[in-house]
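Shown below: protein_25.cif, with mmCIF, C-alpha atoms and all ligand atoms.
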```cif
data_final
loop_
_atom_site.label_atom_id
_atom_site.label_comp_id
_atom_site.auth_asym_id
_atom_site.auth_seq_id
_atom_site.Cartn_x
_atom_site.Cartn_y
_atom_site.Cartn_z
CA MET A 142 -7.88 12.35 -0.85
CA GLU A 143 -7.74 13.65 2.70
CA ILE A 144 -6.31 11.67 5.58
CA LYS A 145 -6.47 11.87 9.34
CA VAL A 146 -4.26 10.13 11.87
CA ASP A 147 -5.17 9.31 15.44
CA ARG A 148 -2.01 9.52 17.50
CA GLU A 149 -3.81 8.10 20.53
CA ARG A 150 -4.53 4.86 18.65
CA CYS A 151 -1.09 4.62 17.05
CA ILE A 152 1.13 1.91 18.53
CA SER A 153 4.31 3.08 16.78
CA ALA A 154 4.53 0.06 14.48
CA GLY A 155 5.97 2.20 11.69
CA MET A 156 4.28 0.44 8.76
CA CYS A 157 2.85 3.71 7.49
CA ALA A 158 6.22 5.45 7.30
CA LEU A 159 7.73 2.44 5.51
CA THR A 160 4.86 2.17 3.03
CA ALA A 161 4.24 5.86 2.26
CA PRO A 162 7.37 7.64 3.48
CA GLY A 163 6.54 11.00 1.97
CA VAL A 164 3.18 11.11 3.67
CA PHE A 165 3.83 9.57 7.08
CA ASP A 166 6.72 9.78 9.48
CA GLN A 167 7.23 8.78 13.09
CA ASP A 168 7.70 11.18 15.96
CA ILE A 169 11.33 11.13 17.04
CA GLU A 170 10.26 11.14 20.69
CA ASP A 171 7.56 8.50 20.96
CA GLY A 172 7.52 6.80 17.54
CA ARG A 173 3.91 7.67 16.92
CA VAL A 174 2.69 8.63 13.49
CA VAL A 175 3.11 12.12 12.11
CA ALA A 176 1.20 13.05 8.96
CA LEU A 177 3.52 15.05 6.73
CA GLU A 178 0.64 15.79 4.36
CA SER A 179 -3.09 15.77 5.03
CA THR A 180 -3.95 15.86 1.32
CA PRO A 181 -1.47 13.57 -0.47
CA ALA A 182 -0.84 13.99 -4.18
CA PRO A 183 -2.75 11.59 -6.47
CA GLU A 184 0.38 9.58 -7.24
CA ARG A 185 0.73 8.76 -3.55
CA GLU A 186 -2.85 7.63 -3.00
CA SER A 187 -2.23 3.94 -3.64
CA ALA A 188 0.62 3.90 -1.13
CA VAL A 189 -1.59 5.67 1.40
CA ARG A 190 -4.38 3.12 0.93
CA GLU A 191 -1.85 0.33 1.40
CA ALA A 192 -0.64 2.01 4.61
CA VAL A 193 -4.23 2.17 5.87
CA GLN A 194 -4.57 -1.58 5.27
CA LEU A 195 -1.24 -2.40 6.90
CA CYS A 196 -1.62 -0.24 10.00
CA PRO A 197 -2.25 -2.69 12.84
CA SER A 198 -4.12 -0.21 15.02
CA GLY A 199 -6.48 1.45 12.56
CA ALA A 200 -4.96 4.84 13.31
CA ILE A 201 -5.12 6.14 9.74
CA THR A 202 -8.41 7.17 8.18
CA VAL A 203 -9.13 8.28 4.64
CA VAL A 204 -11.71 11.03 5.04
CA GLN A 205 -12.52 11.49 1.37
S1 LIG A 301 1.28 1.96 10.93
FE1 LIG A 301 -0.36 2.65 12.32
S2 LIG A 301 0.34 2.06 14.34
FE2 LIG A 301 2.12 2.00 13.00
S3 LIG A 301 3.10 4.04 13.20
FE3 LIG A 301 1.69 4.11 11.46
S4 LIG A 301 -0.24 4.87 12.31
FE4 LIG A 301 0.99 4.16 14.01
#
```
Before anything else, please render the file you have as structure tokens.
Amino acid sequence: MEIKVDRERCISAGMCALTAPGVFDQDIEDGRVVALESTPAPERESAVREAVQLCPSGAITVVQ
């Protein structure tokens, strides 16, 4: 799995960081998403897919 985040689309809702905390965080300055990993480990994939579903702005994309 490879993920991309679009910080321009992010509205700082924080669902990603709550759902997959080892993969996503929020910028301390503006609250927008920060991807801690672009290729999450297999055991984190289900949490990442849940974060994609929960993100209200569609800012997270699973590339492959
Ligand atoms: S859930 Fe979406 S909108 Fe919210 S911080 Fe994460 S990427 Fe941004």
Each chain A residue no farther than 6 Å from ligand LIG 301 (chain A), nearest pair in Å, all atoms listed in the file, as a Markdown table:
```
| residue | atom | partner | partner_atom | distance |
| --- | --- | --- | --- | --- |
| A:Cys151 | CA | A:LIG301 | FE4 | 3.7 |
| A:Ile152 | CA | A:LIG301 | S2 | 4.3 |
| A:Ser153 | CA | A:LIG301 | S3 | 3.9 |
| A:Ala154 | CA | A:LIG301 | FE2 | 3.4 |
| A:Gly155 | CA | A:LIG301 | S3 | 3.7 |
| A:Met156 | CA | A:LIG301 | S1 | 4.0 |
| A:Cys157 | CA | A:LIG301 | FE3 | 4.2 |
| A:Arg173 | CA | A:LIG301 | S3 | 5.3 |
| A:Val174 | CA | A:LIG301 | S3 | 4.6 |
| A:Cys196 | CA | A:LIG301 | S1 | 3.8 |
| A:Pro197 | CA | A:LIG301 | S2 | 5.6 |
| A:Ser198 | CA | A:LIG301 | S2 | 5.1 |
| A:Ala200 | CA | A:LIG301 | S4 | 4.8 |
| A:Ile201 | CA | A:LIG301 | S4 | 5.7 |
```
Exercise. Nearest to Ala176 in chain A: which of A:Val146, A:Leu195, A:Leu159, A:Val189 is it, counting all atoms listed in the file?
Worked result: A:Val146
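If only C-alpha atoms are the atoms counted, then among A:Ile144, A:Thr160, A:Gln194, A:Glu149 the closest residue to Leu177 in chain A is A:Ile144.
The coordinates place CA of Lys145 in chain A at 9.5 Å from CA of Glu178 in chain A.
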Determine, counting all atoms listed in the file, which protein, DNA and RNA residues have an atom within 8 Å of an atom of range 180-182 of chain A; residues of the same chain fewer than 5 positions away are not included. Present the result as a short mmCIF file (atom, residue, chain, number, x, y, z; two decimals) with C-alpha atoms, in the frame of the given file.
```cif
data_model
loop_
_atom_site.label_atom_id
_atom_site.label_comp_id
_atom_site.auth_asym_id
_atom_site.auth_seq_id
_atom_site.Cartn_x
_atom_site.Cartn_y
_atom_site.Cartn_z
CA MET A 142 -7.88 12.35 -0.85
CA GLU A 143 -7.74 13.65 2.70
CA ILE A 144 -6.31 11.67 5.58
CA VAL A 164 3.18 11.11 3.67
#
```
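Take CA of Gln205 in chain A and CA of Glu170 in chain A: the distance between them is 29.9 Å.
Ranking A:Arg150, A:Ala192, A:Val204, A:Glu184 by their shortest atom-to-atom distance to Asp166 in chain A, with all atoms listed in the file included, puts A:Ala192 first.
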Axis-aligned box for all listed atoms of range 145-154 of chain A, 5 Å per side, centre and edges in Å to one decimal, as AutoDock Vina command-line options:
```
--center_x -1.0 --center_y 6.0 --center_z 14.9 --size_x 21.0 --size_y 21.8 --size_z 21.2
```
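Between Gly199 in chain A and the residues A:Asp147, A:Pro183, A:Gly163, A:Ala158, the shortest atom-to-atom distance, using all atoms listed in the file, involves A:Asp147.
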Problem set entry | Atom-to-atom span, CA of Gly172 in chain A and CA of Glu191 in chain A, Å | 19.8 Å
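Checking A:Arg185, A:Ala161, A:Val175, A:Val193 one by one against Arg148 in chain A, counting all atoms listed in the file, you find the shortest gap at A:Val175.
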